[in-house]
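Trainee: Below: one structure in structure tokens.
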Amino acid sequence: MKYEVKLCEIIKKAEPVPGIFDVTVRAGEIAQAARPGQFAHLLVPGKTLRRPISICEIDKGTSTLRFVFQIRGEGTQRLSEFAAGDCYDILGPLGNGFDLGDTSRRALFIGGGIGVPPLLEAAKAFGKNATAVLGFRNAAAVILQEDFEKYGCKTLLATDDGSAGFHGLVTDCMKDEPADVIFACGPAPMLKAVCAAAAQRGIPCQISLEERMACGVGACLGCACRLRRKDGTEYYGHVCKDGPVFNYQTVVWEG
Ligand SMILES: Cc1cc2nc3c(=O)[nH]c(=O)nc-3n(C[C@H](O)[C@H](O)[C@H](O)COP(=O)(O)OP(=O)(O)OC[C@H]3O[C@@H](n4cnc5c(N)ncnc54)[C@H](O)[C@@H]3O)c2cc1C
Ligand code: FES
């Protein structure tokens with residue numbers, strides 16, 4: 001895994017939904033090396049541990065990266081206070097990213113809430129062959145719909161209260177969508193349900209997991225996750241190094 005540490009200037013910042021920030025940075029070699037589904041580790045002033053944020057978009061032409069993150073605690077709060085012209089201290093690109101394979105296949109992207117941003121760059125590669133099913137609490141929480149549409153993806157919304165798109169779960173909304181491959185990111189219960197649907201329909205599926213992280217590079221065991229080999233035996237892997245993207249059949253769900 002080849003990664004760099006770099007001060008990256010913020011060139012664009014917006015708050016599309018209260019508490020969710022959309023930030024583009026000049027990232028030089030990190031942007032050149034980045035792949036869809038990878039993440040970056042952002043230094044928070046005054047904190048020892050960096051915070052992992054997925055790469056939402058990569059523009060190799062301008063060497064920029066886009067991040068979309070939600071304030072969850074002190075770290076993301078501090079990151080949200082940076083302004084255009086300030087620099088993030090970024091370690092990246094990290095993790096394995098999605099294995100896109102043949103982008104002429106029909107791909108189904110299933111995202112839940114703040115699990116939607118990591119899917120955009122991969123969906124972009126599939127363009128009109130992609131269907132994105134994006135789930136949110138309500139219409140006011142919807143992010144990135146226009147971005148998926150801009151890249152030609154058929155984009156369906158599902159909301160818990162029915163205030164936008166389908167009233168209900170993404171897994172019900174995706175039922176009739178044809179697919180040769182599925183990519184998903186979101187809360188664990190959603191991912192579990194997507195994996196069950198993939199298994200039932202016999203469709204290959206890659207899921208991006210989130211785990212609390214420390215070093216971000218496989219050196220500390222901070223992000224251990226239970227995995228299953230093809231022969232059924234189990235072992236502990238690292239979300240930061242072996243993932244965050246996993247073949248759905250290798251993940252052992254707790255509980
Ligand atoms: C590979 C990866 C990619 C990520 N990509 C994004 C992204 O694109 N956008 C985004 O908004 N967030 C993303 N996250 C989550 C983000 O890293 C956390 O929200 C952030 O680290 C929280 O830091 P904090 O100091 O603000 O909150 P803390 O004070 O550290 O925690 C606040 C709350 O969030 C919970 N929490 C913290 N980290 C995680 C985590 N990794 N998974 C689940 N719950 C957590 C804590 O248990 C606590 O309840 C990603 C996480 C990982 C591991
Ligand atoms: S965060 Fe240190 S091993 Fe993954």
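We label chains A, B, ... in the order they appear in the structure tokens, count residues from 1 in each chain, and number ligands from 1 in the order shown.
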Pick out the residues sitting within 7 Å of Phe98 (chain A), and hand them over as a compact mmCIF listing (two decimals) with C-alpha atoms, in the first residue's frame; count only C-alpha atoms, and ignore anything fewer than 5 positions along from it in its own chain.

Mentor:
# COMPACT_ATOMS: atom_id res chain seq x y z
CA PRO A 36 -12.97 4.60 -5.95
CA GLY A 37 -13.89 3.34 -2.48
CA VAL A 245 -14.38 -3.00 0.86

Trainee: Can you list, as a list in words, every protein, DNA or RNA residue that comes within 6 Å of Ile90 (chain A) when you count only C-alpha atoms, leaving out same-chain residues fewer than 5 positions away?

Mentor: Val5, Lys6, His41 and Leu42 of chain A

Trainee: Grab the residues selected above and save them as a PDB file, in the first residue's frame with C-alpha atoms.

Mentor:
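As written to disk, out.pdb reads:
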ATOM      1  CA  VAL A   5       1.031  12.586   3.962  1.00  0.00           C
ATOM      2  CA  LYS A   6       0.285  15.980   2.491  1.00  0.00           C
ATOM      3  CA  HIS A  41      -7.117   9.872   7.191  1.00  0.00           C
ATOM      4  CA  LEU A  42      -7.527  13.528   8.216  1.00  0.00           C
TER       5      LEU A  42
END

Trainee: Within 10 Å of Ile20 (chain A), counting only C-alpha atoms, which residues qualify if same-chain residues fewer than 5 places away don't, as a PyMOL selection string?

Mentor: chain A and resi 14-15+68-72+76+80+114+141+143

Trainee: In region 28-107 of chain A, what's strand (DSSP E) per DSSP? Answer as an mmCIF file with C-alpha atoms, in the first residue's frame?

Mentor:
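Wrote result-v9.cif, looks like this:
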data_model
loop_
_atom_site.group_PDB
_atom_site.id
_atom_site.type_symbol
_atom_site.label_atom_id
_atom_site.label_comp_id
_atom_site.auth_asym_id
_atom_site.auth_seq_id
_atom_site.Cartn_x
_atom_site.Cartn_y
_atom_site.Cartn_z
ATOM 1 C CA PHE A 39 -10.437 6.652 2.126
ATOM 2 C CA ALA A 40 -8.174 9.306 3.594
ATOM 3 C CA HIS A 41 -7.117 9.872 7.191
ATOM 4 C CA LEU A 42 -7.527 13.528 8.216
ATOM 5 C CA ARG A 51 -10.352 10.624 11.370
ATOM 6 C CA PRO A 52 -11.098 8.365 8.352
ATOM 7 C CA ILE A 53 -13.234 9.934 5.623
ATOM 8 C CA SER A 54 -14.083 8.217 2.334
ATOM 9 C CA GLU A 57 -14.890 11.999 -5.909
ATOM 10 C CA ILE A 58 -11.523 12.005 -7.622
ATOM 11 C CA ASP A 59 -10.576 14.459 -10.364
ATOM 12 C CA THR A 64 -8.467 17.204 -6.442
ATOM 13 C CA LEU A 65 -10.412 15.026 -4.020
ATOM 14 C CA ARG A 66 -13.915 15.569 -2.689
ATOM 15 C CA PHE A 67 -15.057 14.507 0.776
ATOM 16 C CA VAL A 68 -18.584 14.569 2.167
ATOM 17 C CA PHE A 69 -18.786 14.109 5.916
ATOM 18 C CA GLN A 70 -21.202 14.487 8.770
ATOM 19 C CA CYS A 87 -5.222 23.052 4.537
ATOM 20 C CA TYR A 88 -6.180 19.592 5.749
ATOM 21 C CA ASP A 89 -3.250 17.353 6.732
ATOM 22 C CA ILE A 90 -4.155 14.184 4.815
ATOM 23 C CA LEU A 91 -2.725 10.660 4.930
ATOM 24 C CA GLY A 92 -3.836 8.664 1.908
ATOM 25 C CA PRO A 93 -5.053 7.120 -0.202
ATOM 26 C CA LEU A 94 -5.808 4.233 2.163
ATOM 27 C CA ALA A 107 -24.319 -2.275 -11.440
#

Trainee: Which neighbours of Gly101 (chain A) fall inside 12 Å, counting only C-alpha atoms, when residues of the same chain fewer than 4 positions from it are skipped, and could you give them as a PyMOL selection string?

Mentor: chain A and resi 105-107+122+125-126+180-183+204-206

Trainee: Write out as a tab-separated table a residue-level contact list of chain A versus ligand 2 with cut-off 9 Å: for each qualifying residue the closest pair of atoms and the distance in Å to one decimal, counting only C-alpha atoms and all ligand atoms, rows sorted by chain and residue number upward.

Mentor:
residue	atom	partner	partner_atom_place_in_ligand_line	distance
A:Glu211	CA	ligand 2	1 (S)	8.4
A:Arg212	CA	ligand 2	1 (S)	7.3
A:Met213	CA	ligand 2	1 (S)	4.0
A:Ala214	CA	ligand 2	1 (S)	4.1
A:Cys215	CA	ligand 2	2 (Fe)	3.9
A:Gly216	CA	ligand 2	1 (S)	3.9
A:Val217	CA	ligand 2	4 (Fe)	5.7
A:Gly218	CA	ligand 2	3 (S)	3.4
A:Ala219	CA	ligand 2	3 (S)	4.6
A:Cys220	CA	ligand 2	2 (Fe)	3.8
A:Leu221	CA	ligand 2	3 (S)	4.0
A:Gly222	CA	ligand 2	1 (S)	4.4
A:Cys223	CA	ligand 2	4 (Fe)	4.3
A:Ala224	CA	ligand 2	4 (Fe)	6.7
A:Gly237	CA	ligand 2	3 (S)	8.7
A:His238	CA	ligand 2	4 (Fe)	5.2
A:Val239	CA	ligand 2	4 (Fe)	5.9
A:Cys240	CA	ligand 2	4 (Fe)	4.4
A:Lys241	CA	ligand 2	4 (Fe)	6.4
A:Asp242	CA	ligand 2	4 (Fe)	8.9

Trainee: Neighbours of Phe166 (chain A) within 10 Å (only C-alpha atoms; same-chain residues fewer than 4 positions away dropped), as a list of chain:residue names?

Mentor: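 The residues satisfying every condition are A:Val133, A:Leu134, A:Gly135, A:Leu156, A:Leu157, A:Ala158, A:Thr159, A:Asp160, A:Asp161, A:Gly162, A:Val170, A:Asp172, A:Cys173.
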
Trainee: Would you mind exporting the chosen residues as a PDB file, in the first residue's frame, restricted to C-alpha atoms?

Mentor:
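Full text of again-v2.pdb as output:
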ATOM      1  CA  VAL A 133     -30.723   3.346  -4.697  1.00  0.00           C
ATOM      2  CA  LEU A 134     -30.088   5.937  -2.002  1.00  0.00           C
ATOM      3  CA  GLY A 135     -31.768   5.766   1.399  1.00  0.00           C
ATOM      4  CA  LEU A 156     -33.908   6.150  -6.910  1.00  0.00           C
ATOM      5  CA  LEU A 157     -34.545   7.586  -3.468  1.00  0.00           C
ATOM      6  CA  ALA A 158     -35.994   5.761  -0.485  1.00  0.00           C
ATOM      7  CA  THR A 159     -36.915   7.551   2.734  1.00  0.00           C
ATOM      8  CA  ASP A 160     -38.009   6.251   6.120  1.00  0.00           C
ATOM      9  CA  ASP A 161     -41.017   8.617   6.202  1.00  0.00           C
ATOM     10  CA  GLY A 162     -41.902   8.619   2.495  1.00  0.00           C
ATOM     11  CA  VAL A 170     -33.571   0.548   0.225  1.00  0.00           C
ATOM     12  CA  ASP A 172     -37.396  -3.166  -0.725  1.00  0.00           C
ATOM     13  CA  CYS A 173     -36.783  -0.396  -3.266  1.00  0.00           C
TER      14      CYS A 173
END

Trainee: Find, counting only C-alpha atoms, the residue in A:Glu146, A:Ala139, A:Arg201, A:Val252 that gets nearest to Val17 (chain A).

Mentor: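 Among A:Glu146, A:Ala139, A:Arg201, A:Val252, it is A:Ala139 that comes nearest to Val17 (chain A).
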
Trainee: Of the candidates A:Ile30, A:Met190, A:Leu209, A:Cys195, which shows the shortest atom-to-atom distance to ligand 1, using only C-alpha atoms and all ligand atoms?

Mentor: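 Nearest candidate to ligand 1 out of A:Ile30, A:Met190, A:Leu209, A:Cys195: A:Leu209.
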
Trainee: Show which residues sit within 7 Å of Tyr235 (chain A), as a list in words. Count only C-alpha atoms, and ignore same-chain residues fewer than 4 positions away.

Mentor: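 Counting only the stated atoms, we get Arg226, Leu227 and Arg228 of chain A.
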
Trainee: Just list as a short mmCIF file (atom, residue, chain, number, x, y, z; two decimals) with C-alpha atoms, in the first residue's frame whatever in region 64-238 of chain A DSSP marks as helix (DSSP H, G or I).

Mentor:
data_model
loop_
_atom_site.label_atom_id
_atom_site.label_comp_id
_atom_site.auth_asym_id
_atom_site.auth_seq_id
_atom_site.Cartn_x
_atom_site.Cartn_y
_atom_site.Cartn_z
CA GLU A 74 -15.44 16.67 18.25
CA GLY A 75 -13.16 15.52 15.42
CA THR A 76 -15.60 15.99 12.56
CA GLN A 77 -16.81 19.23 14.21
CA ARG A 78 -13.25 20.61 14.05
CA LEU A 79 -12.83 19.44 10.44
CA SER A 80 -16.04 21.26 9.53
CA GLY A 113 -27.25 8.07 4.72
CA ILE A 114 -23.62 9.04 5.08
CA GLY A 115 -22.78 5.71 3.39
CA PRO A 117 -20.61 9.45 -0.61
CA PRO A 118 -18.13 6.51 -0.92
CA LEU A 119 -20.22 5.11 -3.82
CA LEU A 120 -20.20 8.13 -6.13
CA GLU A 121 -16.81 7.70 -7.79
CA ALA A 122 -17.47 4.01 -8.50
CA ALA A 123 -20.97 4.75 -9.84
CA LYS A 124 -19.47 7.41 -12.11
CA ALA A 125 -17.35 4.70 -13.77
CA PHE A 126 -20.50 2.72 -14.65
CA GLY A 127 -22.46 5.82 -15.80
CA LYS A 128 -25.73 4.83 -17.47
CA ASN A 129 -25.14 1.17 -16.54
CA ALA A 139 -36.34 14.48 2.09
CA ALA A 140 -34.36 17.08 4.06
CA ALA A 141 -31.49 14.62 4.59
CA GLN A 145 -28.87 12.86 -5.77
CA GLU A 146 -27.99 15.38 -8.53
CA ASP A 147 -24.40 14.10 -8.63
CA PHE A 148 -25.44 10.52 -9.37
CA GLU A 149 -27.92 11.83 -11.97
CA LYS A 150 -25.28 14.09 -13.54
CA VAL A 170 -33.57 0.55 0.22
CA THR A 171 -33.69 -3.25 0.19
CA ASP A 172 -37.40 -3.17 -0.73
CA CYS A 173 -36.78 -0.40 -3.27
CA ALA A 188 -24.70 -2.48 9.38
CA PRO A 189 -28.40 -3.55 9.41
CA MET A 190 -28.79 -2.19 5.87
CA LEU A 191 -25.61 -3.96 4.70
CA LYS A 192 -26.76 -7.24 6.25
CA ALA A 193 -30.08 -6.98 4.38
CA VAL A 194 -28.30 -6.12 1.11
CA CYS A 195 -26.02 -9.16 1.55
CA ALA A 196 -29.05 -11.40 2.14
CA ALA A 197 -30.69 -10.04 -1.03
CA ALA A 198 -27.47 -10.55 -3.02
CA ALA A 199 -27.18 -14.14 -1.77
CA GLN A 200 -30.82 -14.87 -2.62
CA ARG A 201 -30.48 -13.44 -6.15
#
